[in-house]
>>> print(open('input.cif').read())   # mmCIF, C-alpha atoms
data_upload
#
loop_
_atom_site.group_PDB
_atom_site.id
_atom_site.type_symbol
_atom_site.label_atom_id
_atom_site.label_comp_id
_atom_site.auth_asym_id
_atom_site.auth_seq_id
_atom_site.Cartn_x
_atom_site.Cartn_y
_atom_site.Cartn_z
ATOM 1 C CA MET A 814 56.190 -62.996 54.385
ATOM 2 C CA GLU A 815 59.705 -62.409 53.120
ATOM 3 C CA LEU A 816 60.440 -61.696 49.472
ATOM 4 C CA THR A 817 63.514 -60.738 47.519
ATOM 5 C CA VAL A 818 62.573 -57.640 45.530
ATOM 6 C CA ASN A 819 65.143 -56.274 43.079
ATOM 7 C CA GLY A 820 67.851 -58.171 44.910
ATOM 8 C CA ALA A 821 66.994 -56.936 48.413
ATOM 9 C CA GLY A 822 64.948 -58.518 51.208
ATOM 10 C CA ARG A 823 61.464 -57.079 51.740
ATOM 11 C CA SER A 824 58.609 -57.992 54.089
ATOM 12 C CA VAL A 825 55.074 -57.828 52.752
ATOM 13 C CA ALA A 826 51.696 -58.697 54.222
ATOM 14 C CA ALA A 827 50.545 -62.270 53.783
ATOM 15 C CA GLY A 828 48.275 -62.615 50.778
ATOM 16 C CA ALA A 829 49.751 -59.613 48.947
ATOM 17 C CA SER A 830 49.488 -59.700 45.184
ATOM 18 C CA VAL A 831 51.941 -58.459 42.554
ATOM 19 C CA ALA A 832 49.641 -55.456 42.051
ATOM 20 C CA ASP A 833 49.918 -54.623 45.777
ATOM 21 C CA LEU A 834 53.698 -54.805 45.676
ATOM 22 C CA VAL A 835 53.978 -52.652 42.552
ATOM 23 C CA ARG A 836 51.724 -50.034 44.176
ATOM 24 C CA ASP A 837 54.063 -49.942 47.176
ATOM 25 C CA ILE A 838 57.139 -49.414 45.011
ATOM 26 C CA VAL A 839 56.137 -47.059 42.197
ATOM 27 C CA ALA A 840 53.752 -44.131 42.054
ATOM 28 C CA HIS A 841 52.692 -44.778 38.451
ATOM 29 C CA PRO A 842 52.840 -48.261 36.974
ATOM 30 C CA ARG A 843 53.301 -46.983 33.419
ATOM 31 C CA GLY A 844 56.372 -48.519 31.831
ATOM 32 C CA VAL A 845 56.744 -51.090 34.596
ATOM 33 C CA ALA A 846 57.194 -54.818 34.087
ATOM 34 C CA VAL A 847 57.376 -57.602 36.648
ATOM 35 C CA ALA A 848 58.997 -61.008 36.758
ATOM 36 C CA VAL A 849 58.477 -63.478 39.599
ATOM 37 C CA ASN A 850 61.056 -66.234 39.933
ATOM 38 C CA GLY A 851 62.292 -65.474 36.428
ATOM 39 C CA GLU A 852 58.848 -65.648 34.803
ATOM 40 C CA VAL A 853 57.084 -62.667 33.249
ATOM 41 C CA VAL A 854 53.851 -61.717 35.038
ATOM 42 C CA PRO A 855 51.912 -59.653 32.482
ATOM 43 C CA ARG A 856 50.318 -56.445 33.724
ATOM 44 C CA THR A 857 46.802 -57.833 33.363
ATOM 45 C CA GLY A 858 47.707 -60.694 35.691
ATOM 46 C CA TRP A 859 49.139 -58.581 38.546
ATOM 47 C CA PRO A 860 45.999 -58.431 40.735
ATOM 48 C CA ALA A 861 45.389 -62.157 40.566
ATOM 49 C CA ARG A 862 48.982 -63.227 41.091
ATOM 50 C CA ALA A 863 49.461 -63.911 44.816
ATOM 51 C CA LEU A 864 53.007 -63.683 46.124
ATOM 52 C CA ARG A 865 54.507 -66.500 48.167
ATOM 53 C CA ASP A 866 57.150 -66.520 50.854
ATOM 54 C CA GLY A 867 60.601 -66.650 49.281
ATOM 55 C CA ASP A 868 59.540 -65.337 45.864
ATOM 56 C CA ARG A 869 62.205 -63.474 43.901
ATOM 57 C CA VAL A 870 60.556 -60.465 42.302
ATOM 58 C CA GLU A 871 61.997 -58.081 39.741
ATOM 59 C CA VAL A 872 60.191 -54.756 39.316
ATOM 60 C CA LEU A 873 61.607 -53.085 36.222
ATOM 61 C CA THR A 874 61.100 -49.822 34.428
ATOM 62 C CA ALA A 875 62.377 -47.674 31.572
ATOM 63 C CA ALA A 876 66.023 -46.651 31.822
ATOM 64 C CA GLN A 877 68.471 -45.005 29.463
ATOM 65 C CA GLY A 878 70.136 -47.530 27.189
ATOM 66 C CA GLY A 879 71.673 -47.716 23.734
ATOM 67 C CA MET B 1144 62.843 -42.243 -0.031
ATOM 68 C CA PRO B 1145 61.883 -43.132 3.542
ATOM 69 C CA LEU B 1146 63.192 -46.099 5.484
ATOM 70 C CA GLU B 1147 60.804 -49.054 5.609
ATOM 71 C CA LEU B 1148 61.413 -50.961 8.817
ATOM 72 C CA GLY B 1149 59.176 -53.552 10.423
ATOM 73 C CA GLY B 1150 56.206 -52.395 8.363
ATOM 74 C CA LYS B 1151 56.665 -48.770 9.481
ATOM 75 C CA THR B 1152 58.029 -45.802 7.569
ATOM 76 C CA PHE B 1153 60.712 -43.484 8.885
ATOM 77 C CA THR B 1154 61.866 -40.238 7.300
ATOM 78 C CA SER B 1155 64.998 -40.164 9.450
ATOM 79 C CA ARG B 1156 67.532 -42.940 8.975
ATOM 80 C CA LEU B 1157 69.203 -42.201 12.286
ATOM 81 C CA ILE B 1158 68.240 -44.295 15.311
ATOM 82 C CA LEU B 1159 69.375 -42.787 18.577
ATOM 83 C CA GLY B 1160 70.241 -44.634 21.773
ATOM 84 C CA THR B 1161 69.484 -42.928 25.078
ATOM 85 C CA GLY B 1162 72.331 -44.543 27.030
ATOM 86 C CA GLY B 1163 75.125 -42.376 28.359
ATOM 87 C CA ALA B 1164 73.348 -39.008 28.438
ATOM 88 C CA ALA B 1165 74.343 -36.885 31.428
ATOM 89 C CA ASN B 1166 70.750 -35.931 32.159
ATOM 90 C CA LEU B 1167 67.282 -36.012 30.631
ATOM 91 C CA HIS B 1168 67.380 -32.355 29.606
ATOM 92 C CA VAL B 1169 70.434 -32.832 27.399
ATOM 93 C CA LEU B 1170 68.977 -36.074 26.101
ATOM 94 C CA GLU B 1171 65.774 -34.368 24.998
ATOM 95 C CA GLN B 1172 67.666 -31.612 23.208
ATOM 96 C CA ALA B 1173 69.888 -34.168 21.481
ATOM 97 C CA ILE B 1174 66.921 -36.280 20.353
ATOM 98 C CA ARG B 1175 65.249 -33.228 18.870
ATOM 99 C CA ALA B 1176 68.433 -32.016 17.176
ATOM 100 C CA SER B 1177 69.085 -35.455 15.655
ATOM 101 C CA GLY B 1178 65.691 -35.588 13.953
ATOM 102 C CA THR B 1179 65.399 -39.260 14.915
ATOM 103 C CA GLU B 1180 62.036 -41.006 14.976
ATOM 104 C CA LEU B 1181 63.159 -44.208 16.684
ATOM 105 C CA VAL B 1182 64.912 -44.290 20.041
ATOM 106 C CA THR B 1183 66.272 -47.146 22.131
ATOM 107 C CA LEU B 1184 65.775 -47.593 25.847
ATOM 108 C CA ALA B 1185 66.478 -50.271 28.411
ATOM 109 C CA LEU B 1186 64.657 -52.070 31.201
ATOM 110 C CA ARG B 1187 66.276 -51.859 34.638
ATOM 111 C CA ARG B 1188 65.323 -52.193 38.291
ATOM 112 C CA VAL B 1189 63.149 -49.288 39.460
ATOM 113 C CA GLY B 1190 65.163 -46.390 40.828
ATOM 114 C CA THR B 1191 68.620 -47.722 39.997
ATOM 115 C CA ALA B 1192 70.000 -46.929 36.532
ATOM 116 C CA PRO B 1193 69.971 -43.435 34.932
ATOM 117 C CA GLY B 1194 66.501 -42.616 33.721
ATOM 118 C CA SER B 1195 64.842 -45.264 35.880
ATOM 119 C CA THR B 1196 63.809 -42.737 38.505
ATOM 120 C CA GLY B 1197 61.106 -41.442 36.188
ATOM 121 C CA GLY B 1198 60.537 -39.033 33.355
ATOM 122 C CA LEU B 1199 62.166 -40.930 30.508
ATOM 123 C CA LEU B 1200 58.962 -42.241 28.922
ATOM 124 C CA GLU B 1201 57.296 -38.842 29.239
ATOM 125 C CA LEU B 1202 60.302 -37.267 27.532
ATOM 126 C CA LEU B 1203 60.148 -39.760 24.660
ATOM 127 C CA ASP B 1204 56.404 -39.132 24.352
ATOM 128 C CA ARG B 1205 57.023 -35.398 24.052
ATOM 129 C CA CYS B 1206 59.556 -36.018 21.301
ATOM 130 C CA GLY B 1207 57.015 -38.143 19.426
ATOM 131 C CA VAL B 1208 59.457 -40.986 18.791
ATOM 132 C CA ARG B 1209 58.782 -44.701 18.517
ATOM 133 C CA LEU B 1210 60.328 -46.841 21.265
ATOM 134 C CA LEU B 1211 62.888 -49.542 20.605
ATOM 135 C CA PRO B 1212 63.560 -51.443 23.853
ATOM 136 C CA ASN B 1213 66.859 -53.294 24.062
ATOM 137 C CA THR B 1214 67.967 -56.442 25.841
ATOM 138 C CA ALA B 1215 71.323 -54.954 26.840
ATOM 139 C CA GLY B 1216 73.312 -56.963 29.340
ATOM 140 C CA CYS B 1217 71.736 -60.322 28.475
ATOM 141 C CA HIS B 1218 74.161 -63.202 27.968
ATOM 142 C CA THR B 1219 71.849 -66.065 27.010
ATOM 143 C CA ALA B 1220 68.946 -66.526 24.613
ATOM 144 C CA THR B 1221 66.648 -67.413 27.507
ATOM 145 C CA GLU B 1222 67.496 -64.237 29.385
ATOM 146 C CA ALA B 1223 67.126 -62.038 26.283
ATOM 147 C CA VAL B 1224 63.750 -63.562 25.360
ATOM 148 C CA THR B 1225 62.452 -62.933 28.888
ATOM 149 C CA VAL B 1226 63.665 -59.317 28.860
ATOM 150 C CA ALA B 1227 62.054 -58.770 25.441
ATOM 151 C CA ARG B 1228 58.741 -60.059 26.805
ATOM 152 C CA LEU B 1229 59.051 -57.846 29.900
ATOM 153 C CA ALA B 1230 59.756 -54.851 27.655
ATOM 154 C CA ARG B 1231 56.720 -55.678 25.532
ATOM 155 C CA ASP B 1232 54.587 -55.639 28.671
ATOM 156 C CA ALA B 1233 56.186 -52.447 30.000
ATOM 157 C CA PHE B 1234 56.207 -50.374 26.815
ATOM 158 C CA ASP B 1235 53.362 -51.843 24.728
ATOM 159 C CA THR B 1236 55.603 -52.550 21.769
ATOM 160 C CA ASP B 1237 56.669 -55.787 20.163
ATOM 161 C CA TRP B 1238 59.783 -54.160 18.698
ATOM 162 C CA VAL B 1239 63.069 -55.193 20.232
ATOM 163 C CA LYS B 1240 66.719 -54.391 19.698
ATOM 164 C CA LEU B 1241 67.988 -57.860 20.461
ATOM 165 C CA GLU B 1242 71.387 -57.967 22.166
ATOM 166 C CA VAL B 1243 72.981 -61.149 23.483
ATOM 167 C CA ILE B 1244 76.474 -60.384 24.671
ATOM 168 C CA GLY B 1245 79.170 -63.018 24.297
ATOM 169 C CA ASP B 1246 82.250 -61.231 25.582
ATOM 170 C CA GLU B 1247 82.568 -58.754 28.420
ATOM 171 C CA ARG B 1248 85.526 -56.744 27.154
ATOM 172 C CA THR B 1249 84.363 -56.201 23.584
ATOM 173 C CA LEU B 1250 80.602 -56.588 24.177
ATOM 174 C CA LEU B 1251 80.492 -58.446 20.885
ATOM 175 C CA PRO B 1252 77.432 -60.646 20.396
ATOM 176 C CA ASP B 1253 77.203 -64.384 20.988
ATOM 177 C CA GLY B 1254 76.067 -65.470 17.534
ATOM 178 C CA VAL B 1255 74.697 -68.849 18.615
ATOM 179 C CA GLU B 1256 72.543 -67.463 21.421
ATOM 180 C CA LEU B 1257 71.547 -64.457 19.306
ATOM 181 C CA LEU B 1258 70.196 -66.592 16.478
ATOM 182 C CA ARG B 1259 68.346 -68.828 18.938
ATOM 183 C CA ALA B 1260 66.728 -65.821 20.658
ATOM 184 C CA ALA B 1261 65.855 -64.196 17.325
ATOM 185 C CA GLU B 1262 64.087 -67.325 16.134
ATOM 186 C CA GLU B 1263 62.050 -67.608 19.326
ATOM 187 C CA LEU B 1264 61.058 -63.939 19.370
ATOM 188 C CA VAL B 1265 60.081 -63.888 15.680
ATOM 189 C CA ALA B 1266 57.867 -66.927 16.355
ATOM 190 C CA ASP B 1267 56.323 -65.012 19.271
ATOM 191 C CA GLY B 1268 55.365 -62.114 16.976
ATOM 192 C CA PHE B 1269 58.167 -59.687 17.786
ATOM 193 C CA THR B 1270 59.723 -57.272 15.302
ATOM 194 C CA VAL B 1271 63.320 -58.279 15.916
ATOM 195 C CA LEU B 1272 66.230 -55.936 15.173
ATOM 196 C CA PRO B 1273 69.335 -57.870 16.190
ATOM 197 C CA TYR B 1274 72.629 -56.254 17.144
ATOM 198 C CA THR B 1275 75.075 -58.584 15.419
ATOM 199 C CA SER B 1276 78.740 -58.768 14.499
ATOM 200 C CA ASP B 1277 79.988 -57.837 11.025
ATOM 201 C CA ASP B 1278 79.841 -61.504 9.954
ATOM 202 C CA PRO B 1279 77.953 -61.689 6.621
ATOM 203 C CA VAL B 1280 76.964 -65.328 7.190
ATOM 204 C CA LEU B 1281 75.453 -64.712 10.613
ATOM 205 C CA ALA B 1282 73.652 -61.644 9.251
ATOM 206 C CA ARG B 1283 72.116 -63.787 6.512
ATOM 207 C CA ARG B 1284 71.047 -66.424 9.023
ATOM 208 C CA LEU B 1285 69.352 -63.736 11.141
ATOM 209 C CA ALA B 1286 67.501 -62.418 8.104
ATOM 210 C CA ASP B 1287 66.536 -65.965 7.141
ATOM 211 C CA VAL B 1288 64.816 -66.590 10.498
ATOM 212 C CA GLY B 1289 62.668 -63.496 9.971
ATOM 213 C CA CYS B 1290 64.451 -60.571 11.608
ATOM 214 C CA ALA B 1291 63.095 -57.225 10.383
ATOM 215 C CA ALA B 1292 66.630 -55.855 9.923
ATOM 216 C CA VAL B 1293 70.206 -56.757 10.743
ATOM 217 C CA MET B 1294 72.340 -54.383 12.774
ATOM 218 C CA PRO B 1295 76.051 -55.155 12.440
ATOM 219 C CA ALA B 1296 78.593 -53.511 14.727
ATOM 220 C CA GLY B 1297 81.121 -51.270 13.009
ATOM 221 C CA SER B 1298 83.398 -51.796 16.007
ATOM 222 C CA PRO B 1299 82.803 -52.510 19.710
ATOM 223 C CA ILE B 1300 80.001 -50.661 21.522
ATOM 224 C CA GLY B 1301 81.122 -47.301 22.850
ATOM 225 C CA SER B 1302 84.604 -47.626 21.333
ATOM 226 C CA GLY B 1303 84.226 -44.832 18.780
ATOM 227 C CA LEU B 1304 86.561 -46.773 16.483
ATOM 228 C CA GLY B 1305 84.284 -46.413 13.465
ATOM 229 C CA ILE B 1306 83.867 -49.140 10.872
ATOM 230 C CA GLY B 1307 86.639 -51.721 11.220
ATOM 231 C CA ASN B 1308 85.741 -53.848 8.237
ATOM 232 C CA PRO B 1309 83.918 -51.822 5.570
ATOM 233 C CA HIS B 1310 84.131 -54.735 3.141
ATOM 234 C CA HIS B 1311 82.074 -56.950 5.448
ATOM 235 C CA ILE B 1312 79.449 -54.238 5.842
ATOM 236 C CA ARG B 1313 79.153 -54.147 2.039
ATOM 237 C CA LEU B 1314 78.927 -57.934 1.911
ATOM 238 C CA ILE B 1315 76.166 -57.888 4.525
ATOM 239 C CA ARG B 1316 74.262 -55.288 2.479
ATOM 240 C CA GLN B 1317 74.523 -57.493 -0.591
ATOM 241 C CA GLY B 1318 73.594 -60.664 1.275
ATOM 242 C CA VAL B 1319 70.255 -59.811 2.872
ATOM 243 C CA ASP B 1320 66.910 -58.429 1.687
ATOM 244 C CA VAL B 1321 66.116 -56.610 4.959
ATOM 245 C CA PRO B 1322 67.405 -53.178 6.035
ATOM 246 C CA VAL B 1323 70.982 -53.059 7.315
ATOM 247 C CA ILE B 1324 71.509 -50.658 10.207
ATOM 248 C CA LEU B 1325 75.098 -49.942 11.245
ATOM 249 C CA ASP B 1326 74.971 -50.250 15.021
ATOM 250 C CA ALA B 1327 77.839 -49.593 17.429
ATOM 251 C CA GLY B 1328 81.296 -48.139 17.097
ATOM 252 C CA ILE B 1329 80.404 -44.814 15.488
ATOM 253 C CA GLY B 1330 82.687 -42.086 16.852
ATOM 254 C CA THR B 1331 82.037 -39.061 14.713
ATOM 255 C CA ALA B 1332 80.057 -37.814 11.746
ATOM 256 C CA SER B 1333 82.372 -39.227 9.060
ATOM 257 C CA ASP B 1334 81.826 -42.753 10.455
ATOM 258 C CA ALA B 1335 78.067 -42.345 10.085
ATOM 259 C CA ALA B 1336 78.453 -40.946 6.564
ATOM 260 C CA LEU B 1337 80.720 -43.863 5.622
ATOM 261 C CA ALA B 1338 78.136 -46.362 6.888
ATOM 262 C CA MET B 1339 75.564 -44.855 4.564
ATOM 263 C CA GLU B 1340 78.040 -44.670 1.664
ATOM 264 C CA LEU B 1341 78.693 -48.392 2.130
ATOM 265 C CA GLY B 1342 75.007 -48.933 1.440
ATOM 266 C CA CYS B 1343 73.585 -49.180 4.940
ATOM 267 C CA ASP B 1344 69.942 -48.207 5.278
ATOM 268 C CA GLY B 1345 70.408 -46.483 8.599
ATOM 269 C CA VAL B 1346 72.699 -45.877 11.540
ATOM 270 C CA LEU B 1347 72.108 -46.538 15.231
ATOM 271 C CA LEU B 1348 74.336 -44.709 17.683
ATOM 272 C CA ALA B 1349 74.261 -43.590 21.292
ATOM 273 C CA SER B 1350 77.618 -42.839 22.919
ATOM 274 C CA ALA B 1351 78.905 -40.828 19.960
ATOM 275 C CA VAL B 1352 76.215 -38.276 20.745
ATOM 276 C CA THR B 1353 75.447 -38.711 24.440
ATOM 277 C CA ARG B 1354 79.103 -38.755 25.520
ATOM 278 C CA ALA B 1355 80.303 -36.026 23.147
ATOM 279 C CA ALA B 1356 81.428 -32.802 24.803
ATOM 280 C CA ASP B 1357 78.476 -31.099 23.118
ATOM 281 C CA PRO B 1358 75.792 -33.756 22.575
ATOM 282 C CA VAL B 1359 73.363 -31.414 20.841
ATOM 283 C CA ALA B 1360 75.963 -30.265 18.291
ATOM 284 C CA MET B 1361 77.013 -33.862 17.655
ATOM 285 C CA ALA B 1362 73.378 -34.952 17.262
ATOM 286 C CA THR B 1363 72.991 -32.274 14.603
ATOM 287 C CA ALA B 1364 76.207 -33.424 12.915
ATOM 288 C CA MET B 1365 74.980 -37.020 12.861
ATOM 289 C CA ARG B 1366 71.683 -35.988 11.335
ATOM 290 C CA TYR B 1367 73.472 -34.311 8.428
ATOM 291 C CA ALA B 1368 76.090 -37.070 8.150
ATOM 292 C CA VAL B 1369 73.460 -39.750 7.674
ATOM 293 C CA GLU B 1370 71.659 -37.640 5.086
ATOM 294 C CA ALA B 1371 74.909 -36.734 3.312
ATOM 295 C CA GLY B 1372 76.123 -40.330 3.252
ATOM 296 C CA ARG B 1373 72.815 -41.541 1.866
ATOM 297 C CA LEU B 1374 72.814 -38.871 -0.854
ATOM 298 C CA ALA B 1375 76.424 -39.591 -1.789
ATOM 299 C CA ALA B 1376 75.796 -43.331 -1.940
ATOM 300 C CA ARG B 1377 73.104 -42.756 -4.547
ATOM 301 C CA ALA B 1378 74.834 -39.954 -6.424
ATOM 302 C CA GLY B 1379 77.341 -42.185 -8.250
ATOM 303 C CA ARG B 1380 80.748 -41.186 -6.974
ATOM 304 C CA ILE B 1381 83.712 -40.724 -9.347
ATOM 305 C CA GLU B 1382 86.201 -43.517 -9.894
ATOM 306 C CA ARG B 1383 89.364 -43.444 -7.848
ATOM 307 C CA ARG B 1384 92.370 -42.660 -10.088
ATOM 308 C CA PHE B 1385 96.066 -43.188 -9.551
ATOM 309 C CA HIS B 1386 96.990 -39.864 -11.166
ATOM 310 C CA ALA B 1387 95.329 -36.515 -11.495
ATOM 311 C CA LEU B 1388 92.636 -35.605 -13.996
ATOM 312 C CA ALA B 1389 92.340 -31.852 -14.502
ATOM 313 C CA SER B 1390 88.878 -30.435 -14.181
ATOM 314 C CA THR B 1391 89.837 -27.233 -15.995
ATOM 315 C CA PRO B 1392 90.083 -27.848 -19.781
ATOM 316 C CA ASP B 1393 93.392 -27.510 -21.598
ATOM 317 C CA GLU B 1394 91.648 -25.978 -24.608
ATOM 318 C CA GLY B 1395 91.927 -22.211 -24.829
ATOM 319 C CA ARG B 1396 94.914 -21.993 -22.535
ATOM 320 C CA PRO B 1397 96.838 -18.778 -23.352
ATOM 321 C CA GLU B 1398 100.428 -18.914 -24.626
ATOM 322 C CA LEU B 1399 102.380 -16.476 -22.503
#
>>> encode(input="input.cif", output="structure tokens")
Amino acid sequence: MELTVNGAGRSVAAGASVADLVRDIVAHPRGVAVAVNGEVVPRTGWPARALRDGDRVEVLTAAQGG
Amino acid sequence: MPLELGGKTFTSRLILGTGGAANLHVLEQAIRASGTELVTLALRRVGTAPGSTGGLLELLDRCGVRLLPNTAGCHTATEAVTVARLARDAFDTDWVKLEVIGDERTLLPDGVELLRAAEELVADGFTVLPYTSDDPVLARRLADVGCAAVMPAGSPIGSGLGIGNPHHIRLIRQGVDVPVILDAGIGTASDAALAMELGCDGVLLASAVTRAADPVAMATAMRYAVEAGRLAARAGRIERRFHALASTPDEGRPEL
């Protein structure tokens, strides 16, 4: 299925969860947060949250900021 | 006397922002030199913004500082509340430096959206430290809805213009019962000292240190400036006089 991840198109296997996607993108999930279609998906809910075709996913992490 | 903020105690009254540092090595040295115990950071897409390629959290761990995530770049209450909740999930802290920007050129806050976001986040259990303008009424409203501090801008973010309206900073200090942290606009050490002399409880700055030619030297200067300003504020300064008042006595002056 096709997702938009951090603003760019990305294909993932059908049935993939948020946890699967995060594992594909970052080596260590510490300091990572995820929103799907503008809604926060808390860390504890990543494995159970199935992704759907067309989902807009933001995978965010710590960055320098004032 | 330490700074009491959000139920925690801080020996240092300097809060350092991590934005603008050329690299993580310089940032770490600057954090250590500043003596800060509370450091801001942002949430950005993985692998895009400086620091987001890894190592920032480990660095902050090594320095032993508490994290203060910001909502930089948010323009609405809804957006800022969502970013605060994402930051809580990412960094395991319910502290937030709440920023809701209302104007692109000055980066001054949108007071209406800011107050709305503050109210919602306080109700959700956050320790809210709002970046606000130097408006004493808005500062009071933010304190009234339960913010743990108010953080008025001295002048626009990154401008280095110092404190544009010292009188308003004093009025804010008089008008609220929570700590007042001067946030934004600091250019050099004298600006930070002035903030403390005006009665502020702390100073938050980033660019003044991270974009200085020598960030580590400026971090050291800011550390002393905040301490000096705090000491001076409590030392009871002399009255300003129109004419001179000799400090050497007239008595005993020789006739030559």
>>> resolve_selection(input="input.cif", expression="the PyMOL selection byres ((chain B and resi 1366-1377) around 8)", output="list in words")
Arg1156, Leu1157, Ala1176, Ser1177, Gly1178, Thr1179, Ala1332, Ser1333, Ala1335, Ala1336, Leu1337, Ala1338, Met1339, Glu1340, Leu1341, Gly1342, Gly1345, Val1346, Ala1362, Thr1363, Ala1364, Met1365, Ala1378, Gly1379 and Arg1380 of chain B
>>> interface_residues(input="input.cif", of="chain B", to="chain A", cutoff="7 Å", atoms="all atoms listed in the file", output="number ranges by chain")
B: 1160-1162, 1183-1189, 1192-1195, 1199-1200, 1225, 1229-1230, 1232-1234, 1349
>>> residues_around(input="input.cif", residues="Ser1302 of chain B", least_positions_apart="2", cutoff="12 Å", atoms="all atoms listed in the file", output="PDB file with C-alpha atoms, keeping the file's coordinate frame")
ATOM      1  CA  ARG B1248      85.526 -56.744  27.154  1.00  0.00           C
ATOM      2  CA  THR B1249      84.363 -56.201  23.584  1.00  0.00           C
ATOM      3  CA  LEU B1250      80.602 -56.588  24.177  1.00  0.00           C
ATOM      4  CA  LEU B1251      80.492 -58.446  20.885  1.00  0.00           C
ATOM      5  CA  ALA B1296      78.593 -53.511  14.727  1.00  0.00           C
ATOM      6  CA  GLY B1297      81.121 -51.270  13.009  1.00  0.00           C
ATOM      7  CA  SER B1298      83.398 -51.796  16.007  1.00  0.00           C
ATOM      8  CA  PRO B1299      82.803 -52.510  19.710  1.00  0.00           C
ATOM      9  CA  ILE B1300      80.001 -50.661  21.522  1.00  0.00           C
ATOM     10  CA  LEU B1304      86.561 -46.773  16.483  1.00  0.00           C
ATOM     11  CA  GLY B1305      84.284 -46.413  13.465  1.00  0.00           C
ATOM     12  CA  ILE B1306      83.867 -49.140  10.872  1.00  0.00           C
ATOM     13  CA  GLY B1307      86.639 -51.721  11.220  1.00  0.00           C
ATOM     14  CA  ASP B1326      74.971 -50.250  15.021  1.00  0.00           C
ATOM     15  CA  ALA B1327      77.839 -49.593  17.429  1.00  0.00           C
ATOM     16  CA  GLY B1328      81.296 -48.139  17.097  1.00  0.00           C
ATOM     17  CA  ILE B1329      80.404 -44.814  15.488  1.00  0.00           C
ATOM     18  CA  GLY B1330      82.687 -42.086  16.852  1.00  0.00           C
ATOM     19  CA  THR B1331      82.037 -39.061  14.713  1.00  0.00           C
ATOM     20  CA  LEU B1348      74.336 -44.709  17.683  1.00  0.00           C
ATOM     21  CA  ALA B1349      74.261 -43.590  21.292  1.00  0.00           C
ATOM     22  CA  SER B1350      77.618 -42.839  22.919  1.00  0.00           C
ATOM     23  CA  ALA B1351      78.905 -40.828  19.960  1.00  0.00           C
ATOM     24  CA  ARG B1354      79.103 -38.755  25.520  1.00  0.00           C
TER      25      ARG B1354
END
>>> residues_near_point(input="input.cif", point="(76.8, -62.2, 3.7)", cutoff="9 Å", atoms="only C-alpha atoms", output="list in words")
Asp1278, Pro1279, Val1280, Leu1281, Ala1282, Arg1283, Arg1284, His1311, Ile1312, Arg1313, Leu1314, Ile1315, Arg1316, Gln1317, Gly1318 and Val1319 of chain B
>>> resolve_selection(input="input.cif", expression="the PyMOL selection byres ((chain A and resi 833) around 12)", output="number ranges by chain")
A: 825-832, 834-840, 842, 858-864
>>> atom_distance(input="input.cif", atom1="atom CA of Asn1166 of chain B", atom2="atom CA of Glu1180 of chain B")
19.9 Å
>>> build_atoms(input="input.cif", residues="segment 1202-1214 of chain B", atoms="N, CA and C atoms", output="PDB file, in the frame of the given file")
ATOM      1  N   LEU B1202      59.412 -37.994  28.446  1.00  0.00           N
ATOM      2  CA  LEU B1202      60.302 -37.267  27.532  1.00  0.00           C
ATOM      3  C   LEU B1202      60.179 -37.828  26.101  1.00  0.00           C
ATOM      4  N   LEU B1203      60.209 -39.143  25.991  1.00  0.00           N
ATOM      5  CA  LEU B1203      60.148 -39.760  24.660  1.00  0.00           C
ATOM      6  C   LEU B1203      58.785 -39.519  24.014  1.00  0.00           C
ATOM      7  N   ASP B1204      57.742 -39.487  24.844  1.00  0.00           N
ATOM      8  CA  ASP B1204      56.404 -39.132  24.352  1.00  0.00           C
ATOM      9  C   ASP B1204      56.412 -37.731  23.746  1.00  0.00           C
ATOM     10  N   ARG B1205      56.988 -36.804  24.514  1.00  0.00           N
ATOM     11  CA  ARG B1205      57.023 -35.398  24.052  1.00  0.00           C
ATOM     12  C   ARG B1205      57.737 -35.277  22.718  1.00  0.00           C
ATOM     13  N   CYS B1206      58.772 -36.086  22.543  1.00  0.00           N
ATOM     14  CA  CYS B1206      59.556 -36.018  21.301  1.00  0.00           C
ATOM     15  C   CYS B1206      58.840 -36.719  20.142  1.00  0.00           C
ATOM     16  N   GLY B1207      57.800 -37.478  20.465  1.00  0.00           N
ATOM     17  CA  GLY B1207      57.015 -38.143  19.426  1.00  0.00           C
ATOM     18  C   GLY B1207      57.758 -39.269  18.717  1.00  0.00           C
ATOM     19  N   VAL B1208      58.673 -39.920  19.422  1.00  0.00           N
ATOM     20  CA  VAL B1208      59.457 -40.986  18.791  1.00  0.00           C
ATOM     21  C   VAL B1208      58.875 -42.354  19.128  1.00  0.00           C
ATOM     22  N   ARG B1209      59.151 -43.313  18.257  1.00  0.00           N
ATOM     23  CA  ARG B1209      58.782 -44.701  18.517  1.00  0.00           C
ATOM     24  C   ARG B1209      59.841 -45.314  19.426  1.00  0.00           C
ATOM     25  N   LEU B1210      59.408 -46.226  20.312  1.00  0.00           N
ATOM     26  CA  LEU B1210      60.328 -46.841  21.265  1.00  0.00           C
ATOM     27  C   LEU B1210      60.929 -48.131  20.719  1.00  0.00           C
ATOM     28  N   LEU B1211      62.205 -48.297  20.962  1.00  0.00           N
ATOM     29  CA  LEU B1211      62.888 -49.542  20.605  1.00  0.00           C
ATOM     30  C   LEU B1211      63.613 -50.065  21.854  1.00  0.00           C
ATOM     31  N   PRO B1212      62.918 -50.913  22.641  1.00  0.00           N
ATOM     32  CA  PRO B1212      63.560 -51.443  23.853  1.00  0.00           C
ATOM     33  C   PRO B1212      64.711 -52.384  23.494  1.00  0.00           C
ATOM     34  N   ASN B1213      65.749 -52.369  24.315  1.00  0.00           N
ATOM     35  CA  ASN B1213      66.859 -53.294  24.062  1.00  0.00           C
ATOM     36  C   ASN B1213      66.916 -54.384  25.129  1.00  0.00           C
ATOM     37  N   THR B1214      67.748 -55.368  24.862  1.00  0.00           N
ATOM     38  CA  THR B1214      67.967 -56.442  25.841  1.00  0.00           C
ATOM     39  C   THR B1214      69.419 -56.372  26.326  1.00  0.00           C
TER      40      THR B1214
END
